[in-house]
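Trainee: What follows is a single structure, and I will ask about it in a moment.
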Amino acid sequence: MAIRLAATIVLVCILIVVPVEAAKKQKQDRNVEPGEHERRLMNDLLSKFPYREFARPAINESDALTVAMGMTLQQIMDVDEVNQIITTNIWLTLAWTDATLAWNESDYGGISSIRLPPSMIWTPDILLYNCANENFDSTYHSNVVVGSSGSCEWIPPGIFKSACSIDVTNFPWDDQVCTLKFGSWTYDGGRINLTKLTEEGDISTFKPNGEWHLKGVDVLRNVVYYPCCDDPFIDITFVIKLKRKTLYYAMNLVMPCILISSLMLLVFTLPPDTGEKLSFAVTILLSLTVFMMIFTESLPPTSDASPMLSNYFSAMLLMVAMAVLLTMTILNFHHRNPDTHTMGPTTKKICLDWLPWFLRMSRPGHIFKGPFKKGNLSNQEMEIEMLDQSPGYRRKMAATAGYQNNGRTPLTLHQQGSAGVIGVRYASYHENQDGLMDKTIIGRDNHGIPQSREKMDNVLDELHFMTERFKKIDEDEEVVGDWKYAAMVLDRFGLVFFSIYLIIATIVILNTAPNFRKDVLGMSA
(Lines give C-alpha, C1' and ligand atoms only; values in the text may rest on other atoms or scores of the structure.)
Protein backbone atom coordinates (compact mmCIF):
# COMPACT_ATOMS: atom_id res chain seq x y z
CA MET A 1 0.00 0.00 0.00
CA ALA A 2 2.76 2.41 0.84
CA ILE A 3 4.42 1.81 -2.50
CA ARG A 4 1.20 2.40 -4.40
CA LEU A 5 0.57 5.63 -2.48
CA ALA A 6 4.02 6.95 -3.31
CA ALA A 7 3.65 6.11 -6.98
CA THR A 8 0.28 7.85 -7.08
CA ILE A 9 1.76 11.05 -5.58
CA VAL A 10 4.63 11.12 -8.09
CA LEU A 11 2.26 10.63 -11.00
CA VAL A 12 0.03 13.46 -9.83
CA CYS A 13 3.07 15.81 -9.55
CA ILE A 14 4.16 14.94 -13.06
CA LEU A 15 0.69 15.58 -14.44
CA ILE A 16 0.66 19.02 -12.79
CA VAL A 17 4.23 20.27 -13.60
CA VAL A 18 4.40 19.23 -17.28
CA PRO A 19 1.40 21.29 -18.47
CA VAL A 20 2.67 24.37 -16.55
CA GLU A 21 6.12 24.20 -18.18
CA ALA A 22 4.55 23.70 -21.62
CA ALA A 23 2.40 26.79 -21.09
CA LYS A 24 5.44 28.89 -20.09
CA LYS A 25 7.36 27.74 -23.14
CA GLN A 26 4.47 28.48 -25.43
CA LYS A 27 4.16 31.96 -23.93
CA GLN A 28 7.88 32.67 -24.45
CA ASP A 29 7.72 31.50 -28.06
CA ARG A 30 4.79 33.78 -28.65
CA ASN A 31 6.74 36.82 -27.24
CA VAL A 32 9.78 36.46 -29.56
CA GLU A 33 7.72 36.29 -32.71
CA PRO A 34 7.60 39.61 -34.69
CA GLY A 35 4.46 41.71 -34.51
CA GLU A 36 1.86 40.60 -36.96
CA HIS A 37 0.48 44.11 -37.42
CA GLU A 38 3.89 45.65 -38.32
CA ARG A 39 4.64 42.89 -40.83
CA ARG A 40 1.24 43.29 -42.38
CA LEU A 41 1.63 47.08 -42.47
CA MET A 42 4.99 46.92 -44.24
CA ASN A 43 3.69 44.38 -46.70
CA ASP A 44 0.67 46.52 -47.52
CA LEU A 45 2.70 49.70 -47.91
CA LEU A 46 5.57 48.35 -49.97
CA SER A 47 3.54 46.10 -52.24
CA LYS A 48 1.08 48.78 -53.21
CA PHE A 49 3.43 50.58 -55.65
CA PRO A 50 6.06 48.50 -57.50
CA TYR A 51 8.49 51.36 -58.33
CA ARG A 52 8.04 53.30 -55.16
CA GLU A 53 11.80 54.00 -54.69
CA PHE A 54 12.04 55.74 -58.07
CA ALA A 55 8.80 57.72 -58.32
CA ARG A 56 8.57 61.16 -56.77
CA PRO A 57 5.74 60.94 -54.20
CA ALA A 58 3.87 64.06 -55.32
CA ILE A 59 0.08 64.01 -55.38
CA ASN A 60 0.07 66.06 -58.56
CA GLU A 61 2.88 65.63 -61.08
CA SER A 62 2.96 69.36 -61.78
CA ASP A 63 3.42 70.27 -58.13
CA ALA A 64 6.77 70.51 -56.40
CA LEU A 65 7.44 68.23 -53.47
CA THR A 66 8.49 70.23 -50.41
CA VAL A 67 11.57 68.89 -48.66
CA ALA A 68 12.70 70.65 -45.47
CA MET A 69 16.38 70.42 -44.63
CA GLY A 70 18.36 71.08 -41.45
CA MET A 71 21.58 70.02 -39.80
CA THR A 72 23.12 69.27 -36.43
CA LEU A 73 26.81 70.08 -36.17
CA GLN A 74 28.53 67.55 -33.95
CA GLN A 75 32.25 68.31 -34.37
CA ILE A 76 34.78 70.27 -36.40
CA MET A 77 37.39 67.61 -36.99
CA ASP A 78 39.96 69.56 -38.99
CA VAL A 79 40.53 72.82 -40.82
CA ASP A 80 43.29 72.31 -43.38
CA GLU A 81 44.58 75.79 -44.25
CA VAL A 82 47.14 74.49 -46.74
CA ASN A 83 44.62 72.55 -48.86
CA GLN A 84 41.70 74.80 -47.83
CA ILE A 85 39.44 71.93 -46.73
CA ILE A 86 37.24 71.72 -43.64
CA THR A 87 36.20 68.34 -42.20
CA THR A 88 33.01 68.24 -40.14
CA ASN A 89 30.84 65.64 -38.45
CA ILE A 90 27.22 66.50 -39.29
CA TRP A 91 23.81 64.93 -38.88
CA LEU A 92 21.60 66.01 -41.76
CA THR A 93 17.85 66.18 -41.29
CA LEU A 94 15.49 65.75 -44.27
CA ALA A 95 11.74 65.88 -43.88
CA TRP A 96 8.99 65.44 -46.51
CA THR A 97 5.55 63.92 -46.87
CA ASP A 98 4.83 60.75 -48.88
CA ALA A 99 1.05 60.36 -49.15
CA THR A 100 1.40 56.79 -50.43
CA LEU A 101 2.91 55.73 -47.11
CA ALA A 102 0.00 56.87 -44.92
CA TRP A 103 -2.15 54.36 -42.96
CA ASN A 104 -4.85 54.20 -40.35
CA GLU A 105 -3.34 53.39 -37.00
CA SER A 106 -6.44 51.55 -35.75
CA ASP A 107 -6.22 49.08 -38.62
CA TYR A 108 -2.71 48.02 -37.65
CA GLY A 109 -2.77 47.69 -33.91
CA GLY A 110 -2.16 51.36 -33.13
CA ILE A 111 1.25 51.54 -34.85
CA SER A 112 2.14 55.24 -35.30
CA SER A 113 5.54 54.95 -37.03
CA ILE A 114 7.81 52.44 -38.71
CA ARG A 115 11.44 52.38 -39.91
CA LEU A 116 12.17 51.62 -43.53
CA PRO A 117 15.51 51.44 -45.35
CA PRO A 118 16.06 54.32 -47.83
CA SER A 119 16.60 51.87 -50.67
CA MET A 120 12.96 50.68 -50.45
CA ILE A 121 11.26 54.08 -50.64
CA TRP A 122 11.84 57.34 -52.45
CA THR A 123 14.45 59.65 -50.91
CA PRO A 124 15.70 63.00 -52.26
CA ASP A 125 19.08 62.88 -53.99
CA ILE A 126 20.65 65.59 -51.82
CA LEU A 127 24.42 65.98 -52.25
CA LEU A 128 27.10 68.36 -51.04
CA TYR A 129 27.96 70.58 -54.00
CA ASN A 130 31.36 71.77 -52.68
CA CYS A 131 32.42 68.32 -51.58
CA ALA A 132 36.16 67.56 -51.41
CA ASN A 133 35.82 63.88 -50.62
CA GLU A 134 36.86 61.13 -53.02
CA ASN A 135 33.59 59.23 -52.57
CA PHE A 136 31.57 62.43 -52.90
CA ASP A 137 28.68 60.96 -50.85
CA SER A 138 29.98 60.20 -47.37
CA THR A 139 26.69 59.83 -45.49
CA TYR A 140 25.54 56.70 -43.70
CA HIS A 141 22.21 55.63 -45.20
CA SER A 142 20.26 55.12 -42.03
CA ASN A 143 16.57 54.09 -41.91
CA VAL A 144 13.79 56.53 -42.64
CA VAL A 145 11.24 57.13 -39.91
CA VAL A 146 7.79 57.04 -41.53
CA GLY A 147 4.72 58.29 -39.65
CA SER A 148 1.12 57.21 -40.05
CA SER A 149 0.31 60.47 -41.84
CA GLY A 150 2.97 59.77 -44.49
CA SER A 151 5.56 62.10 -42.96
CA CYS A 152 9.12 60.95 -43.59
CA GLU A 153 12.09 62.00 -41.52
CA TRP A 154 15.57 60.93 -42.60
CA ILE A 155 18.63 61.74 -40.49
CA PRO A 156 21.75 60.45 -42.30
CA PRO A 157 24.96 61.17 -40.34
CA GLY A 158 28.23 61.67 -42.15
CA ILE A 159 31.74 63.09 -42.11
CA PHE A 160 31.87 65.80 -44.76
CA LYS A 161 34.97 67.23 -46.40
CA SER A 162 34.11 70.48 -48.11
CA ALA A 163 36.13 73.15 -49.85
CA CYS A 164 36.56 76.26 -47.73
CA SER A 165 38.25 79.44 -48.88
CA ILE A 166 40.67 80.35 -46.09
CA ASP A 167 41.37 84.05 -45.60
CA VAL A 168 44.76 84.29 -43.86
CA THR A 169 44.99 88.09 -43.85
CA ASN A 170 44.67 88.37 -40.06
CA PHE A 171 46.33 85.06 -39.17
CA PRO A 172 46.42 84.00 -36.34
CA TRP A 173 43.83 86.53 -35.09
CA ASP A 174 41.44 85.60 -37.87
CA ASP A 175 37.82 84.61 -38.42
CA GLN A 176 36.89 82.04 -41.01
CA VAL A 177 33.56 81.44 -42.76
CA CYS A 178 33.07 78.02 -44.32
CA THR A 179 29.98 76.97 -46.25
CA LEU A 180 28.35 73.62 -46.95
CA LYS A 181 26.10 73.87 -49.99
CA PHE A 182 23.50 71.09 -50.27
CA GLY A 183 21.01 70.59 -53.07
CA SER A 184 19.29 68.07 -55.28
CA TRP A 185 21.51 66.71 -58.02
CA THR A 186 18.80 65.99 -60.60
CA TYR A 187 15.62 67.77 -59.49
CA ASP A 188 15.11 71.47 -60.12
CA GLY A 189 12.95 73.83 -58.09
CA GLY A 190 9.84 72.90 -60.07
CA ARG A 191 9.99 69.32 -58.80
CA ILE A 192 11.60 69.64 -55.35
CA ASN A 193 11.15 72.73 -53.27
CA LEU A 194 13.97 72.79 -50.72
CA THR A 195 13.15 74.79 -47.61
CA LYS A 196 14.88 75.54 -44.33
CA LEU A 197 13.90 73.36 -41.42
CA THR A 198 15.27 75.94 -38.96
CA GLU A 199 16.77 79.40 -39.29
CA GLU A 200 20.00 78.30 -37.59
CA GLY A 201 21.91 75.07 -37.36
CA ASP A 202 21.64 72.97 -34.23
CA ILE A 203 24.84 73.24 -32.15
CA SER A 204 23.42 72.01 -28.83
CA THR A 205 25.51 68.80 -29.01
CA PHE A 206 28.62 70.40 -30.51
CA LYS A 207 31.92 69.11 -29.16
CA PRO A 208 34.36 72.04 -28.59
CA ASN A 209 37.47 72.20 -30.75
CA GLY A 210 40.92 72.99 -29.35
CA GLU A 211 41.88 75.30 -32.21
CA TRP A 212 38.61 76.90 -33.26
CA HIS A 213 35.77 78.59 -31.45
CA LEU A 214 32.35 78.13 -33.07
CA LYS A 215 30.48 81.43 -33.32
CA GLY A 216 27.35 79.98 -34.94
CA VAL A 217 25.80 78.26 -37.95
CA ASP A 218 23.50 80.20 -40.25
CA VAL A 219 21.12 78.57 -42.75
CA LEU A 220 20.59 80.23 -46.13
CA ARG A 221 18.20 79.31 -48.94
CA ASN A 222 19.42 80.24 -52.40
CA VAL A 223 17.37 80.25 -55.59
CA VAL A 224 19.57 80.32 -58.71
CA TYR A 225 18.38 80.60 -62.31
CA TYR A 226 20.57 79.17 -65.05
CA PRO A 227 20.32 79.90 -68.80
CA CYS A 228 19.65 76.24 -69.57
CA CYS A 229 16.45 75.89 -67.62
CA ASP A 230 13.28 77.81 -66.90
CA ASP A 231 12.88 76.53 -63.37
CA PRO A 232 15.35 77.61 -60.69
CA PHE A 233 17.72 75.35 -58.81
CA ILE A 234 17.41 75.61 -55.05
CA ASP A 235 20.13 74.89 -52.53
CA ILE A 236 20.43 75.10 -48.77
CA THR A 237 23.73 76.56 -47.59
CA PHE A 238 24.99 76.14 -44.04
CA VAL A 239 27.39 78.93 -43.07
CA ILE A 240 29.80 77.90 -40.30
CA LYS A 241 31.42 80.87 -38.54
CA LEU A 242 34.71 80.13 -36.81
CA LYS A 243 37.14 82.13 -34.73
CA ARG A 244 40.69 80.91 -34.23
CA LYS A 245 42.02 80.40 -30.71
CA THR A 246 45.33 82.27 -30.69
CA LEU A 247 47.00 81.02 -27.52
CA TYR A 248 49.02 78.33 -29.31
CA TYR A 249 50.29 80.66 -32.01
CA ALA A 250 50.95 83.51 -29.58
CA MET A 251 53.12 81.31 -27.36
CA ASN A 252 54.91 79.38 -30.10
CA LEU A 253 55.30 81.92 -32.92
CA VAL A 254 54.62 85.51 -31.89
CA MET A 255 56.44 85.57 -28.54
CA PRO A 256 59.62 83.81 -29.80
CA CYS A 257 59.72 86.19 -32.77
CA ILE A 258 59.48 89.24 -30.51
CA LEU A 259 62.11 87.87 -28.11
CA ILE A 260 64.55 86.94 -30.88
CA SER A 261 64.10 90.36 -32.48
CA SER A 262 64.65 92.02 -29.10
CA LEU A 263 67.92 90.14 -28.68
CA MET A 264 69.13 91.90 -31.82
CA LEU A 265 69.25 95.11 -29.79
CA LEU A 266 71.92 93.59 -27.56
CA VAL A 267 74.27 93.47 -30.53
CA PHE A 268 74.71 97.24 -30.28
CA THR A 269 75.78 96.98 -26.65
CA LEU A 270 78.70 94.61 -27.35
CA PRO A 271 82.13 96.25 -27.71
CA PRO A 272 83.59 95.78 -31.21
CA ASP A 273 86.80 94.35 -29.77
CA THR A 274 85.01 91.27 -28.37
CA GLY A 275 84.93 89.60 -31.80
CA GLU A 276 81.42 88.17 -31.25
CA LYS A 277 79.44 91.13 -32.46
CA LEU A 278 78.91 90.02 -36.06
CA SER A 279 78.52 86.31 -35.30
CA PHE A 280 75.82 87.07 -32.72
CA ALA A 281 73.90 89.18 -35.26
CA VAL A 282 74.11 86.49 -37.95
CA THR A 283 72.92 83.83 -35.47
CA ILE A 284 69.83 85.87 -34.69
CA LEU A 285 69.18 86.33 -38.41
CA LEU A 286 69.32 82.56 -38.98
CA SER A 287 67.06 81.86 -35.98
CA LEU A 288 64.42 84.24 -37.25
CA THR A 289 64.64 82.69 -40.72
CA VAL A 290 64.00 79.20 -39.27
CA PHE A 291 60.93 80.47 -37.40
CA MET A 292 59.59 82.04 -40.57
CA MET A 293 60.03 78.76 -42.48
CA ILE A 294 58.09 76.88 -39.80
CA PHE A 295 55.35 79.49 -39.94
CA THR A 296 54.95 79.41 -43.73
CA GLU A 297 54.45 75.62 -43.72
CA SER A 298 51.09 76.05 -41.96
CA LEU A 299 49.69 78.54 -44.48
CA PRO A 300 48.24 78.00 -47.94
CA PRO A 301 50.52 78.98 -50.85
CA THR A 302 48.29 81.78 -52.06
CA SER A 303 48.98 85.23 -53.44
CA ASP A 304 45.49 86.58 -52.81
CA ALA A 305 46.38 87.96 -49.39
CA SER A 306 49.46 88.40 -47.27
CA PRO A 307 49.08 87.14 -43.68
CA MET A 308 49.46 89.73 -40.97
CA LEU A 309 51.91 87.55 -39.06
CA SER A 310 53.90 86.98 -42.24
CA ASN A 311 54.18 90.75 -42.63
CA TYR A 312 55.41 90.97 -39.05
CA PHE A 313 58.01 88.27 -39.62
CA SER A 314 59.15 90.05 -42.78
CA ALA A 315 59.44 93.34 -40.91
CA MET A 316 61.50 91.71 -38.17
CA LEU A 317 63.64 89.91 -40.74
CA LEU A 318 64.27 93.23 -42.49
CA MET A 319 65.19 94.82 -39.18
CA VAL A 320 67.68 92.07 -38.35
CA ALA A 321 69.19 92.24 -41.86
CA MET A 322 69.66 96.01 -41.57
CA ALA A 323 71.14 95.54 -38.12
CA VAL A 324 73.68 93.06 -39.53
CA LEU A 325 74.69 95.57 -42.22
CA LEU A 326 75.01 98.32 -39.62
CA THR A 327 77.10 96.02 -37.42
CA MET A 328 79.48 95.38 -40.31
CA THR A 329 79.77 99.13 -40.86
CA ILE A 330 80.49 99.68 -37.17
CA LEU A 331 83.24 97.05 -37.17
CA ASN A 332 84.69 98.59 -40.33
CA PHE A 333 84.78 102.06 -38.74
CA HIS A 334 86.23 100.75 -35.51
CA HIS A 335 89.25 99.11 -37.16
CA ARG A 336 90.13 101.90 -39.59
CA ASN A 337 93.43 103.80 -39.30
CA PRO A 338 95.02 106.84 -41.01
CA ASP A 339 97.20 104.67 -43.23
CA THR A 340 94.18 103.22 -45.07
CA HIS A 341 91.27 105.63 -44.66
CA THR A 342 90.66 109.31 -44.31
CA MET A 343 87.42 110.56 -42.78
CA GLY A 344 85.66 112.82 -45.23
CA PRO A 345 83.97 116.06 -44.20
CA THR A 346 80.47 114.63 -44.74
CA THR A 347 81.16 111.56 -42.62
CA LYS A 348 82.79 113.70 -39.96
CA LYS A 349 79.85 116.10 -39.95
CA ILE A 350 77.30 113.28 -39.62
CA CYS A 351 79.11 110.92 -37.24
CA LEU A 352 80.94 113.47 -35.08
CA ASP A 353 78.51 116.40 -35.05
CA TRP A 354 74.94 115.63 -36.04
CA LEU A 355 74.39 112.17 -34.59
CA PRO A 356 76.07 112.88 -31.21
CA TRP A 357 73.96 116.02 -30.92
CA PHE A 358 70.80 114.10 -31.79
CA LEU A 359 71.63 111.19 -29.44
CA ARG A 360 72.78 113.54 -26.63
CA MET A 361 76.25 111.98 -26.50
CA SER A 362 79.38 113.65 -25.11
CA ARG A 363 82.95 112.76 -26.00
CA PRO A 364 85.45 112.73 -23.09
CA GLY A 365 88.20 115.33 -23.49
CA HIS A 366 86.31 117.33 -26.11
CA ILE A 367 84.20 120.44 -25.87
CA PHE A 368 81.14 119.75 -28.01
CA LYS A 369 79.95 122.84 -29.83
CA GLY A 370 77.00 121.29 -31.67
CA PRO A 371 76.34 120.59 -35.36
CA PHE A 372 75.70 124.23 -36.25
CA LYS A 373 79.08 125.46 -34.99
CA LYS A 374 82.61 124.83 -36.08
CA GLY A 375 84.17 121.48 -35.35
CA ASN A 376 84.89 120.16 -31.88
CA LEU A 377 88.17 120.72 -30.01
CA SER A 378 90.85 118.16 -29.36
CA ASN A 379 92.65 117.68 -26.04
CA GLN A 380 95.67 119.77 -27.05
CA GLU A 381 93.44 122.52 -28.43
CA MET A 382 91.46 122.54 -25.17
CA GLU A 383 94.65 123.00 -23.12
CA ILE A 384 95.92 125.73 -25.42
CA GLU A 385 92.57 127.51 -25.35
CA MET A 386 92.47 127.34 -21.56
CA LEU A 387 96.08 128.52 -21.37
CA ASP A 388 95.42 131.39 -23.72
CA GLN A 389 92.96 132.80 -21.20
CA SER A 390 95.87 133.63 -18.80
CA PRO A 391 96.96 137.31 -19.09
CA GLY A 392 100.53 136.57 -17.93
CA TYR A 393 100.89 133.84 -20.55
CA ARG A 394 99.77 136.18 -23.33
CA ARG A 395 102.26 138.82 -22.12
CA LYS A 396 105.21 136.42 -22.04
CA MET A 397 104.26 134.92 -25.42
CA ALA A 398 104.37 138.41 -26.91
CA ALA A 399 107.93 138.84 -25.60
CA THR A 400 109.18 135.34 -26.44
CA ALA A 401 107.82 134.08 -29.77
CA GLY A 402 108.33 130.37 -30.29
CA TYR A 403 106.93 126.86 -29.80
CA GLN A 404 105.79 126.11 -26.26
CA ASN A 405 104.65 122.69 -25.16
CA ASN A 406 102.18 123.31 -22.35
CA GLY A 407 104.65 125.57 -20.48
CA ARG A 408 106.63 122.67 -19.11
CA THR A 409 109.31 121.70 -21.70
CA PRO A 410 112.14 123.83 -23.15
CA LEU A 411 111.26 126.32 -25.88
CA THR A 412 113.38 126.23 -29.03
CA LEU A 413 113.45 129.47 -31.05
CA HIS A 414 115.16 130.54 -34.24
CA GLN A 415 116.23 134.17 -33.97
CA GLN A 416 118.34 136.60 -35.99
CA GLY A 417 121.17 137.91 -33.84
CA SER A 418 122.94 141.29 -34.18
CA ALA A 419 125.76 139.70 -36.18
CA GLY A 420 123.32 138.11 -38.56
CA VAL A 421 123.97 134.59 -37.21
CA ILE A 422 121.04 132.26 -36.76
CA GLY A 423 121.14 131.00 -33.19
CA VAL A 424 118.98 129.16 -30.69
CA ARG A 425 118.06 129.86 -27.17
CA TYR A 426 116.59 127.59 -24.55
CA ALA A 427 114.04 128.88 -22.13
CA SER A 428 111.86 127.32 -19.51
CA TYR A 429 108.76 128.81 -18.04
CA HIS A 430 107.46 128.68 -14.56
CA GLU A 431 104.73 130.50 -12.71
CA ASN A 432 105.68 133.17 -10.20
CA GLN A 433 103.73 134.18 -7.15
CA ASP A 434 101.47 136.38 -9.24
CA GLY A 435 100.49 133.47 -11.50
CA LEU A 436 102.46 134.88 -14.46
CA MET A 437 104.92 132.97 -16.65
CA ASP A 438 108.60 133.86 -15.99
CA LYS A 439 111.44 133.00 -18.39
CA THR A 440 114.90 131.79 -17.47
CA ILE A 441 117.51 132.01 -20.22
CA ILE A 442 119.70 128.94 -20.31
CA GLY A 443 122.08 129.91 -23.13
CA ARG A 444 122.49 132.15 -26.15
CA ASP A 445 125.03 131.67 -28.90
CA ASN A 446 125.43 135.42 -29.61
CA HIS A 447 126.92 136.36 -26.21
CA GLY A 448 127.70 133.00 -24.61
CA ILE A 449 130.33 130.38 -25.19
CA PRO A 450 130.94 129.89 -28.96
CA GLN A 451 129.27 126.75 -30.32
CA SER A 452 129.71 124.97 -33.55
CA ARG A 453 127.14 126.00 -36.15
CA GLU A 454 127.07 122.53 -37.67
CA LYS A 455 126.29 120.86 -34.38
CA MET A 456 123.53 123.32 -33.72
CA ASP A 457 122.01 122.64 -37.11
CA ASN A 458 122.08 118.91 -36.40
CA VAL A 459 120.42 119.47 -33.05
CA LEU A 460 117.78 121.64 -34.68
CA ASP A 461 117.13 119.03 -37.34
CA GLU A 462 116.73 116.32 -34.72
CA LEU A 463 114.40 118.46 -32.70
CA HIS A 464 112.39 119.26 -35.80
CA PHE A 465 112.21 115.56 -36.72
CA MET A 466 111.12 114.53 -33.25
CA THR A 467 108.58 117.33 -33.13
CA GLU A 468 107.08 116.35 -36.46
CA ARG A 469 107.03 112.67 -35.48
CA PHE A 470 105.24 113.29 -32.21
CA LYS A 471 102.89 115.61 -34.00
CA LYS A 472 102.10 112.90 -36.56
CA ILE A 473 101.58 110.34 -33.81
CA ASP A 474 99.17 112.69 -32.08
CA GLU A 475 97.34 113.33 -35.35
CA ASP A 476 97.12 109.59 -36.09
CA GLU A 477 95.80 108.89 -32.62
CA GLU A 478 93.29 111.66 -33.10
CA VAL A 479 92.11 110.15 -36.41
CA VAL A 480 91.88 106.65 -34.90
CA GLY A 481 89.94 108.10 -32.01
CA ASP A 482 87.56 109.81 -34.44
CA TRP A 483 86.89 106.51 -36.25
CA LYS A 484 86.30 104.65 -32.99
CA TYR A 485 84.04 107.40 -31.71
CA ALA A 486 82.12 107.30 -35.01
CA ALA A 487 81.67 103.53 -34.52
CA MET A 488 80.40 104.12 -30.98
CA VAL A 489 77.96 106.74 -32.26
CA LEU A 490 76.63 104.30 -34.86
CA ASP A 491 76.25 101.69 -32.11
CA ARG A 492 74.15 104.07 -30.08
CA PHE A 493 72.17 105.08 -33.15
CA GLY A 494 71.43 101.43 -34.00
CA LEU A 495 70.26 100.74 -30.43
CA VAL A 496 67.88 103.70 -30.42
CA PHE A 497 66.65 103.38 -34.00
CA PHE A 498 65.93 99.64 -33.95
CA SER A 499 64.32 99.84 -30.49
CA ILE A 500 61.86 102.37 -31.86
CA TYR A 501 61.45 100.29 -35.04
CA LEU A 502 60.67 97.13 -33.04
CA ILE A 503 58.07 98.81 -30.84
CA ILE A 504 56.31 100.65 -33.68
CA ALA A 505 56.32 97.64 -36.05
CA THR A 506 54.94 95.33 -33.36
CA ILE A 507 52.10 97.66 -32.41
CA VAL A 508 51.19 98.80 -35.92
CA ILE A 509 51.27 95.41 -37.69
CA LEU A 510 49.60 93.38 -34.95
CA ASN A 511 47.02 96.10 -34.40
CA THR A 512 45.73 95.64 -37.95
CA ALA A 513 43.89 92.46 -36.88
CA PRO A 514 40.46 93.29 -35.33
CA ASN A 515 40.60 90.28 -33.01
CA PHE A 516 44.01 91.38 -31.71
CA ARG A 517 42.59 94.74 -30.68
CA LYS A 518 39.62 93.01 -29.10
CA ASP A 519 41.34 90.12 -27.33
CA VAL A 520 44.75 91.57 -26.41
CA LEU A 521 44.25 95.32 -26.21
CA GLY A 522 40.64 95.14 -25.02
CA MET A 523 39.43 97.48 -27.79
CA SER A 524 36.36 97.08 -29.94
CA ALA A 525 36.95 96.16 -33.55
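The way I read the labels, and the way they are meant: chains A, B, ... in the order of the C-alpha coordinates, residue 1 as the first residue of every chain, and ligand 1 as the first ligand shown, with later ones counted on from there.
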Which residues are near range 502-511 of chain A? Cut-off 8 Å, only C-alpha atoms, ignore same chain within fewer than 4 positions. Put them as a ChimeraX atom specification.

Mentor: /A:261-262,308-309,311-312,315-316,319,498,516-517

Trainee: Just the residues within 6 Å of range 163-171 of chain A, please, counting only C-alpha atoms, with nothing from its chain fewer than 3 positions along; format it as an MDAnalysis selection string.

Mentor: chainID A and resid 84:85 130 132 174 178 305:308 513

Trainee: For CA of Thr179 in chain A and CA of Ile294 in chain A, determine how far apart the two atoms are, in Å to one decimal place.

Mentor: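 Distance reported for this atom pair: 28.8 Å.
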
Trainee: Quick one: residues within 9 Å of Glu477 in chain A, only C-alpha atoms counted, chain neighbours fewer than 4 positions away excluded, as a ChimeraX atom specification?

Mentor: /A:337-338,472-473,481-482

Trainee: Residues within 10 Å of Phe280 in chain A, please, as a list in words. Count only C-alpha atoms; anything in the same chain fewer than 2 positions from it doesn't count.

Mentor: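 So the residues in contact are Leu263, Met264, Leu266, Val267, Leu270, Gly275, Glu276, Lys277, Leu278, Val282, Thr283, Ile284, Leu285 and Val324 of chain A.
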
Trainee: Using only C-alpha atoms, which of the listed residues (A:Met71, A:Met255, A:Cys152, A:Thr289) sits closest to Glu200 in chain A?

Mentor: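 Distance minimum relative to Glu200 in chain A lands on A:Met71.
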
Trainee: Would you mind reading off the distance between CA of Val217 in chain A and CA of Leu197 in chain A, one decimal, in Å?

Mentor: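 For CA of Val217 in chain A relative to CA of Leu197 in chain A, the distance reads 13.3 Å.
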
Trainee: From the list A:Ala323, A:Ile236, A:Ala250, A:Val146, which residue is nearest Ser184 in chain A when using only C-alpha atoms?

Mentor: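 Checking each candidate against Ser184 in chain A, we get A:Ile236 as the closest.
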
Trainee: Under the rule that only C-alpha atoms are counted, which of A:Pro271, A:Glu454, A:Met343, A:Val320 is the nearest residue to Met488 in chain A?

Mentor: A:Pro271

Trainee: List every residue of range 131-314 of chain A that DSSP, applied to the backbone of this structure, assigns to alpha helix (DSSP H), and report them as number ranges by chain.

Mentor: A: 247-249, 255-263, 277-296, 308-314

Trainee: Extract, using only C-alpha atoms, all DNA, RNA and protein residues at most 10 Å from Asp44 in chain A, discarding same-chain residues fewer than 6 positions from it, and format them as a ChimeraX atom specification.

Mentor: /A:38,101,103

Trainee: Which value, in Å to one decimal, gives the distance between CA of Leu214 in chain A and CA of Lys241 in chain A?

Mentor: 6.2 Å

Trainee: Restricting the calculation to only C-alpha atoms: of A:Val144, A:Val254, A:Leu46, A:Ala487, which residue gets closest to Phe333 in chain A?

Mentor: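 Using only C-alpha atoms, Phe333 in chain A sits closest to A:Ala487.
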
Trainee: Hey, what's within 10 Å of Lys243 in chain A if we count only C-alpha atoms and toss same-chain stuff fewer than 5 positions away? As an MDAnalysis selection string, please?

Mentor: chainID A and resid 172:177 211:215 515

Trainee: Counting only C-alpha atoms, which residue out of A:Leu92, A:Val239, A:Met293, A:Ala281 sits closest to Ala321 in chain A?

Mentor: A:Ala281
